[in-house]
Structure formats: C-alpha cells, structure tokens
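Structure file upload37.txt (compact mmCIF, C-alpha atoms and all ligand atoms) follows.
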# COMPACT_ATOMS: atom_id res chain seq x y z
CA MET D 59 3.79 -10.17 17.49
CA ASN D 60 7.06 -8.42 16.63
CA ALA D 61 8.48 -8.60 13.14
CA PRO D 62 11.06 -11.31 12.43
CA VAL D 63 14.66 -10.19 12.61
CA SER D 64 15.95 -9.74 9.03
CA LYS D 65 19.62 -10.13 8.25
CA ARG D 66 20.75 -7.60 5.67
CA ASP D 67 23.41 -8.26 3.04
CA PRO D 68 24.65 -4.97 1.48
CA ALA D 69 26.00 -6.63 -1.70
CA GLU D 70 22.73 -8.48 -2.30
CA GLU D 71 20.70 -5.35 -1.54
CA LYS D 72 22.70 -3.36 -4.06
CA ALA D 73 22.29 -6.02 -6.77
CA ILE D 74 18.53 -6.13 -6.22
CA LEU D 75 18.12 -2.34 -6.18
CA ASP D 76 20.27 -1.98 -9.32
CA ALA D 77 18.09 -4.55 -11.12
CA ILE D 78 14.92 -2.73 -10.02
CA GLU D 79 16.32 0.58 -11.22
CA VAL D 80 17.09 -0.86 -14.67
CA TRP D 81 13.58 -2.36 -14.86
CA VAL D 82 11.90 0.87 -13.75
CA GLU D 83 13.76 2.98 -16.33
CA LYS D 84 13.33 0.46 -19.16
CA GLU D 85 9.82 -0.86 -18.58
CA VAL D 86 7.86 1.22 -16.06
CA ARG D 87 8.63 4.87 -16.72
CA PRO D 88 8.16 4.71 -20.52
CA ILE D 89 4.61 3.29 -20.30
CA ALA D 90 3.29 5.19 -17.28
CA LYS D 91 1.66 8.09 -19.11
CA LYS D 92 -0.08 5.99 -21.76
CA PHE D 93 -1.46 3.38 -19.36
CA ASP D 94 -2.49 5.90 -16.72
CA LEU D 95 -4.37 8.13 -19.15
CA ALA D 96 -6.09 5.14 -20.77
CA ASP D 97 -6.80 3.61 -17.33
CA GLU D 98 -5.46 0.38 -18.79
CA TYR D 99 -4.14 -2.52 -16.68
CA PRO D 100 -0.39 -3.18 -17.22
CA HIS D 101 -0.54 -6.97 -17.71
CA ASP D 102 3.00 -7.13 -19.12
CA LEU D 103 4.41 -5.44 -16.03
CA VAL D 104 2.78 -8.14 -13.89
CA GLU D 105 4.63 -10.85 -15.81
CA GLN D 106 7.88 -8.93 -15.38
CA MET D 107 7.20 -8.55 -11.65
CA LYS D 108 6.86 -12.33 -11.42
CA GLU D 109 10.26 -12.77 -13.06
CA LEU D 110 11.84 -10.22 -10.74
CA GLY D 111 10.44 -12.08 -7.74
CA LEU D 112 8.52 -9.02 -6.53
CA PHE D 113 5.45 -11.04 -5.52
CA GLY D 114 7.65 -12.87 -3.03
CA ALA D 115 9.77 -9.87 -1.99
CA THR D 116 8.99 -10.00 1.74
CA ILE D 117 7.90 -13.66 1.96
CA SER D 118 10.51 -15.76 3.82
CA GLN D 119 12.85 -17.89 1.76
CA GLU D 120 11.52 -20.91 3.64
CA TYR D 121 8.22 -20.41 1.80
CA GLY D 122 9.76 -19.61 -1.58
CA GLY D 123 10.10 -15.82 -1.30
CA LEU D 124 13.14 -13.52 -1.42
CA GLY D 125 12.89 -12.75 2.30
CA LEU D 126 13.93 -9.13 1.81
CA SER D 127 14.23 -6.78 4.75
CA ALA D 128 11.68 -4.01 5.21
CA TRP D 129 14.52 -1.58 4.46
CA THR D 130 15.28 -3.11 1.05
CA TYR D 131 11.62 -3.46 0.24
CA ALA D 132 11.00 0.21 1.05
CA GLN D 133 13.84 1.22 -1.29
CA ILE D 134 12.23 -0.84 -4.08
CA VAL D 135 8.86 0.82 -3.52
CA ILE D 136 10.43 4.31 -3.54
CA LYS D 137 12.12 3.55 -6.88
CA VAL D 138 8.94 2.23 -8.52
CA ALA D 139 6.70 4.99 -7.14
CA SER D 140 9.12 7.72 -8.21
CA ALA D 141 8.38 6.69 -11.81
CA TRP D 142 4.75 5.55 -11.45
CA MET D 143 3.10 4.89 -8.12
CA ALA D 144 0.24 2.68 -9.32
CA PRO D 145 2.16 -0.53 -10.16
CA SER D 146 3.61 -0.61 -6.64
CA GLY D 147 0.05 -1.37 -5.48
CA ILE D 148 0.01 -4.59 -7.50
CA PHE D 149 2.64 -6.22 -5.31
CA ASN D 150 2.08 -4.13 -2.16
CA SER D 151 -1.50 -5.24 -1.39
CA HIS D 152 -0.57 -8.81 -2.34
CA LEU D 153 2.36 -8.76 0.10
CA ILE D 154 0.22 -7.36 2.91
CA MET D 155 -2.00 -10.44 2.51
CA ALA D 156 1.07 -12.69 2.39
CA SER D 157 2.61 -11.14 5.49
CA ALA D 158 -0.67 -11.62 7.40
CA ILE D 159 -0.63 -15.31 6.46
CA GLU D 160 3.03 -15.64 7.45
CA ARG D 161 2.46 -13.82 10.75
CA SER D 162 -0.88 -15.30 11.80
CA GLY D 163 -1.58 -18.38 9.65
CA THR D 164 -1.28 -22.00 10.72
CA GLU D 165 1.72 -23.91 9.41
CA ALA D 166 -0.58 -25.73 6.95
CA GLN D 167 -1.89 -22.39 5.65
CA LYS D 168 1.63 -21.03 5.22
CA ARG D 169 2.74 -24.15 3.30
CA LYS D 170 -0.37 -24.08 1.11
CA TRP D 171 -0.56 -20.38 0.20
CA LEU D 172 2.84 -18.70 0.53
CA PRO D 173 4.81 -20.61 -2.14
CA LYS D 174 2.22 -19.87 -4.81
CA MET D 175 1.94 -16.28 -3.63
CA ALA D 176 5.74 -15.91 -3.85
CA THR D 177 5.74 -16.85 -7.54
CA GLY D 178 2.68 -14.72 -8.33
CA GLU D 179 0.68 -17.81 -9.33
CA PHE D 180 -1.81 -16.70 -6.66
CA ARG D 181 -2.10 -12.92 -6.48
CA GLY D 182 -3.90 -11.54 -3.48
CA SER D 183 -5.47 -8.45 -2.02
CA LEU D 184 -6.76 -7.11 1.25
CA GLY D 185 -10.54 -7.06 1.68
CA LEU D 186 -11.29 -4.84 4.66
CA THR D 187 -13.24 -1.74 3.65
CA GLU D 188 -17.03 -1.70 3.22
CA PRO D 189 -19.37 1.03 2.00
CA ASN D 190 -20.18 1.99 5.61
CA ALA D 191 -16.85 1.15 7.26
CA GLY D 192 -13.32 2.30 6.43
CA THR D 193 -11.55 3.85 9.40
CA ASP D 194 -14.06 2.24 11.77
CA LEU D 195 -13.43 -1.33 10.65
CA GLN D 196 -15.28 -2.81 13.60
CA ALA D 197 -18.48 -1.53 11.95
CA ILE D 198 -18.23 -3.96 9.01
CA ARG D 199 -21.39 -5.92 8.16
CA THR D 200 -20.09 -8.79 6.05
CA VAL D 201 -21.03 -11.95 7.94
CA ALA D 202 -19.53 -15.45 7.75
CA ARG D 203 -21.78 -18.13 9.26
CA ARG D 204 -20.33 -21.58 10.03
CA ASP D 205 -22.04 -24.37 8.10
CA GLY D 206 -20.34 -27.75 8.65
CA ASP D 207 -16.83 -27.60 7.25
CA HIS D 208 -17.47 -24.29 5.46
CA TYR D 209 -18.26 -20.63 6.18
CA VAL D 210 -21.10 -19.05 4.23
CA VAL D 211 -20.35 -15.39 3.53
CA ASN D 212 -22.85 -12.62 2.72
CA GLY D 213 -21.99 -8.94 2.39
CA ALA D 214 -20.12 -6.37 0.34
CA LYS D 215 -16.68 -4.77 0.19
CA THR D 216 -15.53 -1.69 -1.63
CA TRP D 217 -12.26 -0.09 -2.76
CA ILE D 218 -10.49 -3.45 -2.92
CA THR D 219 -7.29 -3.10 -4.94
CA ASN D 220 -6.10 -6.07 -7.05
CA SER D 221 -9.50 -7.72 -6.89
CA MET D 222 -10.34 -7.91 -10.58
CA TYR D 223 -7.11 -9.45 -11.89
CA GLY D 224 -5.99 -11.09 -8.63
CA ASN D 225 -7.02 -14.57 -7.53
CA GLY D 226 -8.48 -13.86 -4.11
CA THR D 227 -8.51 -11.68 -1.04
CA LEU D 228 -7.89 -11.79 2.68
CA LEU D 229 -11.42 -11.09 3.77
CA LEU D 230 -12.32 -9.41 7.06
CA VAL D 231 -15.71 -10.72 8.27
CA LYS D 232 -17.92 -10.89 11.33
CA THR D 233 -18.14 -14.47 12.55
CA ASP D 234 -20.12 -13.23 15.58
CA PRO D 235 -21.98 -10.00 14.69
CA GLN D 236 -23.39 -9.67 18.23
CA ALA D 237 -20.02 -9.91 20.04
CA GLN D 238 -19.06 -7.17 22.50
CA PRO D 239 -16.56 -5.63 22.27
CA ARG D 240 -17.16 -5.73 18.50
CA HIS D 241 -13.63 -6.81 17.55
CA LYS D 242 -14.08 -10.14 19.36
CA GLY D 243 -16.54 -11.20 16.67
CA MET D 244 -14.17 -10.52 13.76
CA SER D 245 -12.16 -13.04 11.74
CA MET D 246 -10.19 -13.25 8.51
CA LEU D 247 -10.77 -15.73 5.72
CA ILE D 248 -8.42 -16.61 2.89
CA ALA D 249 -11.00 -16.15 0.15
CA GLU D 250 -10.38 -17.61 -3.31
CA LYS D 251 -12.49 -16.55 -6.24
CA THR D 252 -15.15 -19.23 -6.55
CA ASP D 253 -18.96 -19.19 -6.96
CA GLY D 254 -20.59 -16.46 -4.90
CA PHE D 255 -17.49 -14.18 -4.93
CA LYS D 256 -18.55 -11.47 -7.35
CA VAL D 257 -16.39 -8.60 -8.60
CA VAL D 258 -19.00 -5.92 -9.25
CA GLY D 259 -16.77 -3.64 -11.30
CA LYS D 260 -13.63 -1.53 -11.45
CA LEU D 261 -14.09 1.87 -9.81
CA LYS D 262 -13.23 5.01 -11.77
CA LYS D 263 -10.61 6.91 -9.79
CA VAL D 264 -9.05 10.38 -9.79
CA GLY D 265 -5.58 8.87 -9.58
CA TYR D 266 -3.95 5.48 -8.96
CA ARG D 267 -5.46 4.62 -12.32
CA SER D 268 -4.81 1.49 -14.36
CA ILE D 269 -4.89 -0.60 -11.20
CA ASP D 270 -8.06 -2.59 -10.47
CA THR D 271 -9.78 -1.21 -7.40
CA CYS D 272 -13.24 -2.77 -7.23
CA GLU D 273 -16.46 -3.36 -5.38
CA LEU D 274 -17.08 -6.95 -4.33
CA SER D 275 -20.29 -8.71 -3.37
CA PHE D 276 -20.70 -12.03 -1.62
CA GLU D 277 -23.91 -14.05 -1.88
CA ASP D 278 -23.91 -17.38 -0.06
CA TYR D 279 -20.23 -17.59 -0.93
CA ARG D 280 -18.74 -20.76 0.61
CA VAL D 281 -15.21 -20.73 2.03
CA PRO D 282 -13.65 -23.92 3.44
CA ALA D 283 -13.32 -23.62 7.24
CA GLU D 284 -9.63 -24.56 6.89
CA ASN D 285 -9.19 -21.08 5.31
CA LEU D 286 -9.95 -19.30 8.61
CA LEU D 287 -6.70 -17.40 9.22
CA GLY D 288 -4.92 -18.91 12.22
CA GLY D 289 -7.65 -21.54 12.66
CA GLU D 290 -9.48 -19.70 15.46
CA GLU D 291 -12.35 -17.22 15.24
CA GLY D 292 -12.26 -13.81 16.88
CA HIS D 293 -8.74 -12.66 15.98
CA GLY D 294 -9.43 -10.84 12.70
CA PHE D 295 -9.12 -7.32 14.05
CA GLN D 296 -5.77 -8.01 15.78
CA GLN D 297 -4.54 -9.82 12.66
CA THR D 298 -5.34 -6.72 10.62
CA ALA D 299 -3.72 -4.38 13.12
CA GLY D 300 -0.63 -6.63 13.25
CA GLY D 301 0.23 -5.69 9.66
CA LEU D 302 0.02 -1.97 10.15
CA GLU D 303 3.70 -1.32 10.88
CA LEU D 304 4.89 -2.86 7.60
CA GLY D 305 1.86 -1.48 5.75
CA ARG D 306 2.66 2.05 6.91
CA ILE D 307 6.33 1.74 5.93
CA ASN D 308 5.12 0.67 2.46
CA VAL D 309 2.71 3.58 2.06
CA ALA D 310 5.37 5.97 3.35
CA ALA D 311 7.72 4.64 0.66
CA ARG D 312 5.10 5.28 -1.98
CA GLY D 313 4.66 8.85 -0.71
CA ALA D 314 8.44 9.42 -0.71
CA GLY D 315 8.63 8.00 -4.24
CA ILE D 316 5.95 10.39 -5.46
CA ALA D 317 7.72 13.30 -3.74
CA GLU D 318 11.05 12.36 -5.30
CA GLY D 319 9.55 11.84 -8.76
CA ALA D 320 7.79 15.21 -8.62
CA LEU D 321 11.01 16.92 -7.53
CA ARG D 322 12.89 15.29 -10.39
CA LEU D 323 10.41 16.66 -12.94
CA ALA D 324 10.40 20.13 -11.37
CA LEU D 325 14.19 20.26 -11.19
CA ARG D 326 14.49 19.55 -14.88
CA TYR D 327 11.74 21.94 -15.95
CA ALA D 328 13.11 24.73 -13.76
CA GLN D 329 16.38 24.56 -15.71
CA GLU D 330 14.72 24.36 -19.13
CA ARG D 331 12.05 27.05 -18.83
CA GLU D 332 13.12 30.67 -19.11
CA THR D 333 11.31 33.85 -18.10
CA PHE D 334 12.69 37.38 -18.02
CA GLY D 335 15.85 36.19 -19.75
CA LYS D 336 16.88 33.46 -17.31
CA PRO D 337 15.97 29.89 -16.32
CA ILE D 338 13.18 30.01 -13.77
CA TRP D 339 15.30 28.22 -11.14
CA GLN D 340 17.25 31.47 -10.84
CA HIS D 341 14.17 33.21 -9.46
CA GLN D 342 14.17 33.05 -5.69
CA ALA D 343 10.53 31.91 -5.58
CA ILE D 344 11.42 28.75 -7.53
CA GLN D 345 14.61 28.21 -5.53
CA PHE D 346 12.52 28.17 -2.35
CA LYS D 347 10.28 25.51 -3.86
CA LEU D 348 13.20 23.31 -4.86
CA ALA D 349 14.82 23.73 -1.46
CA GLU D 350 11.66 22.84 0.42
CA MET D 351 10.94 19.88 -1.84
CA VAL D 352 14.37 18.29 -1.62
CA THR D 353 14.38 18.72 2.16
CA GLN D 354 11.01 16.97 2.45
CA VAL D 355 12.16 14.13 0.18
CA GLU D 356 15.31 13.53 2.23
CA ALA D 357 13.48 13.82 5.56
CA SER D 358 10.88 11.31 4.36
CA LYS D 359 13.56 8.83 3.40
CA ARG D 360 15.27 9.13 6.77
CA LEU D 361 12.00 8.55 8.65
CA ILE D 362 11.28 5.50 6.49
CA GLU D 363 14.77 4.10 7.08
CA ASN D 364 14.45 4.69 10.80
CA ALA D 365 11.16 2.75 10.94
CA ALA D 366 12.34 -0.03 8.60
CA LEU D 367 15.58 -0.61 10.52
CA LYS D 368 13.63 -1.00 13.76
CA TYR D 369 11.17 -3.33 12.05
CA ASP D 370 14.04 -5.44 10.68
CA ALA D 371 15.61 -5.62 14.12
CA GLY D 372 12.37 -7.12 15.44
CA GLU D 373 11.57 -4.03 17.51
CA ARG D 374 8.17 -2.36 17.76
CA CYS D 375 8.01 0.60 15.38
CA ASP D 376 4.37 1.71 15.67
CA LEU D 377 5.41 5.30 16.45
CA GLU D 378 8.21 5.39 13.85
CA SER D 379 6.16 3.82 11.03
CA SER D 380 3.23 6.14 11.76
CA MET D 381 5.49 9.21 11.67
CA ALA D 382 7.08 8.00 8.43
CA LYS D 383 3.69 7.38 6.81
CA PHE D 384 2.27 10.71 7.95
CA PHE D 385 5.28 12.78 6.91
CA ALA D 386 6.13 11.05 3.63
CA SER D 387 2.53 10.99 2.37
CA GLU D 388 2.18 14.71 3.09
CA ALA D 389 5.56 15.25 1.39
CA GLY D 390 4.12 13.53 -1.70
CA VAL D 391 1.20 15.97 -1.73
CA PHE D 392 3.42 18.98 -1.00
CA CYS D 393 6.05 18.17 -3.61
CA SER D 394 3.54 17.33 -6.35
CA GLN D 395 1.74 20.62 -5.69
CA GLU D 396 4.94 22.64 -5.66
CA ALA D 397 6.06 20.91 -8.85
CA MET D 398 2.70 21.79 -10.43
CA ARG D 399 3.29 25.46 -9.57
CA THR D 400 6.81 25.22 -11.00
CA PHE D 401 5.36 24.02 -14.30
CA GLY D 402 2.94 26.95 -14.40
CA GLY D 403 0.23 26.52 -17.03
CA TYR D 404 1.89 23.45 -18.48
CA SER D 405 1.15 21.56 -15.26
CA TYR D 406 -2.40 21.37 -16.58
CA SER D 407 -1.36 19.65 -19.79
CA VAL D 408 -1.47 15.87 -19.75
CA GLU D 409 1.61 16.04 -21.97
CA TYR D 410 3.66 16.76 -18.85
CA GLU D 411 3.51 13.90 -16.38
CA ILE D 412 3.50 16.05 -13.27
CA GLU D 413 -0.30 16.04 -13.30
CA ARG D 414 -0.27 12.27 -12.63
CA TYR D 415 1.89 12.71 -9.50
CA TYR D 416 -0.55 15.37 -8.33
CA ARG D 417 -3.53 13.00 -8.84
CA ASP D 418 -1.76 10.03 -7.24
CA ALA D 419 -0.34 11.76 -4.19
CA MET D 420 -3.46 12.32 -2.09
CA LEU D 421 -4.26 8.61 -1.81
CA MET D 422 -1.20 8.06 0.38
CA CYS D 423 -2.74 10.38 2.99
CA ILE D 424 -5.87 8.20 3.12
CA GLY D 425 -4.78 4.52 3.04
CA GLU D 426 -3.25 2.50 5.94
CA GLY D 427 -4.74 4.88 8.47
CA ALA D 428 -5.91 8.30 7.30
CA ASN D 429 -3.45 10.95 8.47
CA GLU D 430 -6.11 12.63 10.62
CA VAL D 431 -6.35 9.42 12.66
CA LEU D 432 -2.65 8.69 12.44
CA LYS D 433 -1.78 11.96 14.17
CA THR D 434 -3.86 10.90 17.16
CA VAL D 435 -2.05 7.52 17.11
CA ILE D 436 1.33 9.28 17.06
CA ALA D 437 0.41 11.51 19.97
CA LYS D 438 -0.91 8.61 22.07
CA GLN D 439 2.21 6.53 21.43
CA LEU D 440 4.40 9.49 22.27
CA VAL D 441 2.68 9.96 25.62
CA ASP D 442 2.84 6.19 26.26
CA ARG D 443 6.60 6.27 25.81
CA HIS D 444 7.09 9.35 27.97
CA ARG D 445 4.58 8.94 30.79
CA ILE D 446 5.22 11.11 33.81
C1 LIG D 501 -7.83 4.05 -4.38
C2 LIG D 501 -8.13 3.34 -3.12
C3 LIG D 501 -7.67 2.06 -2.92
C4 LIG D 501 -8.03 1.36 -1.76
N1 LIG D 501 -7.62 0.05 -1.60
C5 LIG D 501 -8.09 -0.67 -0.55
C6 LIG D 501 -7.83 -2.07 -0.45
O1 LIG D 501 -7.12 -2.66 -1.26
N2 LIG D 501 -8.39 -2.74 0.59
C7 LIG D 501 -9.18 -2.13 1.52
O2 LIG D 501 -9.68 -2.81 2.41
N3 LIG D 501 -9.44 -0.80 1.46
C8 LIG D 501 -8.92 -0.06 0.45
N4 LIG D 501 -9.18 1.28 0.36
C9 LIG D 501 -10.04 1.91 1.37
C10 LIG D 501 -9.27 2.80 2.34
O3 LIG D 501 -8.52 2.00 3.20
C11 LIG D 501 -10.33 3.65 3.08
O4 LIG D 501 -10.83 4.59 2.14
C12 LIG D 501 -9.73 4.34 4.28
O5 LIG D 501 -9.52 3.41 5.30
C13 LIG D 501 -10.65 5.46 4.83
O6 LIG D 501 -11.93 4.97 5.04
P1 LIG D 501 -13.21 5.76 4.50
O7 LIG D 501 -12.96 6.06 3.08
O8 LIG D 501 -14.41 4.96 4.84
O9 LIG D 501 -13.23 7.12 5.30
P2 LIG D 501 -13.92 7.41 6.72
O10 LIG D 501 -13.52 6.37 7.69
O11 LIG D 501 -15.36 7.62 6.48
O12 LIG D 501 -13.22 8.79 7.11
C14 LIG D 501 -13.63 10.05 6.55
C15 LIG D 501 -12.80 11.16 7.19
O13 LIG D 501 -13.02 11.16 8.61
C16 LIG D 501 -11.78 11.04 9.29
N5 LIG D 501 -11.98 10.22 10.49
C17 LIG D 501 -12.66 9.05 10.59
N6 LIG D 501 -12.62 8.60 11.85
C18 LIG D 501 -11.86 9.47 12.55
C19 LIG D 501 -11.40 9.55 13.92
N7 LIG D 501 -11.69 8.59 14.81
N8 LIG D 501 -10.62 10.58 14.28
C20 LIG D 501 -10.29 11.55 13.38
N9 LIG D 501 -10.69 11.54 12.09
C21 LIG D 501 -11.45 10.52 11.69
C22 LIG D 501 -10.85 10.35 8.30
O14 LIG D 501 -9.49 10.65 8.57
C23 LIG D 501 -11.30 10.98 6.99
O15 LIG D 501 -10.69 12.25 6.87
C24 LIG D 501 -8.81 2.00 -0.76
C25 LIG D 501 -9.22 3.32 -0.95
C26 LIG D 501 -8.91 3.99 -2.11
C27 LIG D 501 -9.42 5.40 -2.30

Have the structure of the file written as structure tokens, please.
Amino acid sequence: MNAPVSKRDPAEEKAILDAIEVWVEKEVRPIAKKFDLADEYPHDLVEQMKELGLFGATISQEYGGLGLSAWTYAQIVIKVASAWMAPSGIFNSHLIMASAIERSGTEAQKRKWLPKMATGEFRGSLGLTEPNAGTDLQAIRTVARRDGDHYVVNGAKTWITNSMYGNGTLLLVKTDPQAQPRHKGMSMLIAEKTDGFKVVGKLKKVGYRSIDTCELSFEDYRVPAENLLGGEEGHGFQQTAGGLELGRINVAARGAGIAEGALRLALRYAQERETFGKPIWQHQAIQFKLAEMVTQVEASKRLIENAALKYDAGERCDLESSMAKFFASEAGVFCSQEAMRTFGGYSYSVEYEIERYYRDAMLMCIGEGANEVLKTVIAKQLVDRHRI
C-alpha cells in the first residue's frame, strides 16, 4: 500500500526542527561521550523524548501522534544522529512498529496500540532477525501455533533493538512452517512482554552503544489471537516489506547525520591543528578531504529529501529510498573515516568523539537491507522502470 499523503506546514516544521535543535545541543550532545563509553542507557533522554512527542512523530494525529511528514521526520533524525546516532534508534525502531500497525493493523488494533505508542507509554521494537536468518527472513524458525484464542510461540530472536527497556515487539513468526512459497506461512504478532517472553541479555556492540540490542527467547509464550497483525495469517512478510521505504529513509537520515557530525568535527580540528607553521586545512590533502566530505553530506541530504517528498506525496519511492539509504550510509562510513584521518593520532583517543562516529557508521550499511543486497534491488528497480 502507498504511504498516506502528508500535508506539510513550513511554519510548523520550522518550529519543530528548532525545538529539536535546542534539545540536541542542550541534552544530547553533552552526554553522548560519557554514556557511549560507559555503554549506559540514557533513561533521562527517553523521558525528554516523550515530552517532545518523538514517540508519536509519524503516528497520525487521529491516533494521538504528531503526524509528521517523512521529510520532517528525516530532518529530525539527521539532527539527532549528527550529535549521537544511538538515541535515534530508541524512537526509530518504535516508530517502525507503529507504522506497521497503522498501515496493516485492524481498526481495533490501531485504536488499542497507537495512542499509547504515541505517548511512549508503550515503547516497541521490531522482532525480525534470528540467529540463522537476517537478510533471508523467510528462513526464520520461530513458530506460532494456534491454540484456541491464543498463539503459542516458541523460538529465538537476536539483535532486537529496544527490547530490554521497551514494552514489546512486533514479532515475525511462522504460523505455517511448511507453507510454500515460504512467505505464505509468515505472520506478525503484536507481542507484549508477558510470561514466556524472555530477554536473554544485552549484546555487547562495537558501536551503537548504550542502546539495548538483545537476544530474545520464547518458550510456550502465549499471545492473544487478537494481536495477529491485520487479523489474517500469512501476510507477515508483505507487512514487513511494506515498511521498507520509510525504514530506509530513516536509516539514510541516520547515515547523513553521522556524515554531517563527522564533517563538523573535522572542520573544526582542521582549523585548530597546525603543522609546518599553518593550520592543517591549508594543506591540499586535508582540503580534498573536506571537499569530498561536504559534497557527500549534501548529496545524501538531497537523495533523502527526494525520497521523502515522494513518500509524502503518496508515491512509490522504493528506488529513491534505496538509493538514499545506500548512498547516505556509505557517506557516513566515508566521512567518519576521512575525519579520523584528519585527526591523525588523536582520532584514536576516546577524548575526541570522532572515534564514536567511526564505530557507529558501519551499522547503517547493514540494517534495513544490507547495501550489498540493496544494490541489486536498485538495479532491478531501475530496469523495471526502463524496460525496453
Ligand atoms: C546493532 C544492530 C541492531 C539491530 N537491530 C535489529 C532490530 O531491532 N530488529 C531486527 O529484527 N534486526 C535487527 N538487527 C539485525 C539486522 O537487521 C541484520 O543483521 C541484517 O538484516 C543482516 O542480517 P545478518 O546479520 O543475518 O547477515 P546475513 O544475512 O547473514 O548477510 C551476511 C552478508 O551476506 C550478504 N548477503 C546476504 N544475502 C545476500 C544476497 N542475496 N545477495 C547479496 N549479498 C547477500 C549481506 O549483505 C552481508 O554482507 C540489528 C543488527 C545490528 C548489528
């Protein structure tokens, strides 16, 4: 299904983005280094996000959210990620769950879950990946068997962000493990944390620290049948795929934010640090880095805007969102690496925050479709649009 058409209001967008900028500079940037290095969860930021309405950013006003356009939302994510990427995951994964409910849920499901998701009273996540199945999601083994008015779930998930401190997850399961083609046996359950839903532990990560990314295990975990997304079995794979356009715009925005934040640090350092009697930015080698970085940042933003504007107009943007995600995530890696080189030996000191950007950047190339796969998607869509 195409995205809903979002009406944009420039004055409102500016007010929201100004408020986010103030919050980022006052509350997010100053704590990033300490919380990241300690791998400590930023509980206070979560409370502030509730007040700002971020947990309802893209949920329609009808269900208690702010109903922001994809364009505005992407600008918010860029601003947050340019200071510290990790907190953007706290509301991003939650909003992917919310948008799946809004897109594919029954009216009763929307009325039950979306208002409390919009306030942050219920904070969600996306439970797709399993130890044996990431890119190939149709290979998942978690099974939900119907038992009267419940499903009984057994299996395991891994790498599930927001699952320790959140209240539940949108769980991809096999309701018919024998189905052929495999996707016809897949469904999604709105899974609240109750008996049988076990968070095994927070994974230790290279980057994207502080945020709770965990393994989950399900042993005879009972989910009310009314929590089957959309009320009909067999649509889980399409429901997952239906969120990819917005999901890719979000990850692209995180990549662009990292790229911009890394450039900002490099630009400052290049003017402060002197070698051979002049600031290092006056050496051509460093000028080339700055030039390439700023060009990649700007190009990323334009690709994101292009995809978001199409999404907001209710048009398909599978090609545009894939290009934005591919390019902006690689820009995040490129710019953080070039900024590391600009910092020379000091890039390896945790005193200088550039090392965090470097550790965080690579994740954007992996999530919401690894770039290796995404390039094949881009090429196929390109040919589809220009068949001879
Ligand atoms: C920090 C972090 C947070 C995460 N958060 C979540 C979350 O909240 N919820 C969730 O469900 N998952 C989450 N994930 C999981 C993430 O979505 C998967 O790691 C991702 O989908 C890749 O799957 P995989 O790791 O199994 O890699 P694999 O699928 O095993 O891929 C390995 C390599 O093979 C390549 N490859 C695979 N198939 C193909 C193909 N057909 N063509 C070309 N190349 C191919 C891939 O591009 C990759 O380079 C998270 C992961 C991390 C690291």

### Message
List as a ChimeraX atom specification the protein and nucleic acid residues lying within 7 Å of ligand LIG 501 (chain D), with all atoms listed in the file counted.
### Response
/D:151,183-187,189-194,216-220,263,266,271,421,424-431

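Minimum distance to Leu325 of chain D across D:Glu71, D:Glu290, D:Glu396, D:Glu83 (counting all atoms listed in the file) occurs at D:Glu396.
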
### Query
Using all atoms listed in the file, which residues sit within 6 Å of His208 of chain D once same-chain residues fewer than 5 positions away are excluded, as a ChimeraX atom specification?
/D:281-283

### Summary
Counting only C-alpha atoms, closest pick from D:Leu110, D:Met351, D:Val211, D:Ala299 relative to Ser275 of chain D is D:Val211

### Message
List the spatial neighbours of segment 237-242 of chain D as number ranges by chain - criterion: any atom at most 12 Å away, only C-alpha atoms, same-chain residues fewer than 4 positions off excluded.
### Response
D: 194-199, 230-233, 246, 290-299

## Note on the structure
A straight line from atom CA of Ile269 of chain D to atom CA of Pro100 of chain D spans 7.9 Å

### Task
Select, from D:Ala156, D:Leu432, D:Leu323, D:Val80, the residue with the minimum atom-to-atom distance to Gly301 of chain D, counting only C-alpha atoms.
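When distances to Gly301 of chain D are compared using only C-alpha atoms, the smallest one comes from D:Ala156.
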
### Query
So what do you get for atom CA of Ile436 of chain D versus atom CA of Glu363 of chain D, distance-wise?
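Rounded to one decimal, the two atoms are 17.5 Å apart.
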
### Query
Within 12 Å of (0.0, -4.1, -9.6), only C-alpha atoms: residues as JSON, numbers by chain?
{"D": [86, 98, 99, 100, 101, 102, 103, 104, 105, 106, 107, 108, 112, 113, 135, 138, 139, 142, 143, 144, 145, 146, 147, 148, 149, 150, 151, 152, 153, 178, 181, 182, 183, 219, 220, 221, 222, 223, 224, 266, 267, 268, 269, 270, 271]}

### Query
Given the choices D:Lys170, D:Asn285, D:Tyr327, D:Ala382, which gets closest to Ser405 of chain D if the distance is worked out from only C-alpha atoms?
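Among the listed residues, the smallest separation from Ser405 of chain D belongs to D:Tyr327.
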
### Task
Compare D:Ile362, D:Ala141, D:Leu348, D:Ala77 by their minimum atom-to-atom distance to Ala90 of chain D, counting only C-alpha atoms, and give me the closest one.
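Of all the options, D:Ala141 lies closest to Ala90 of chain D.
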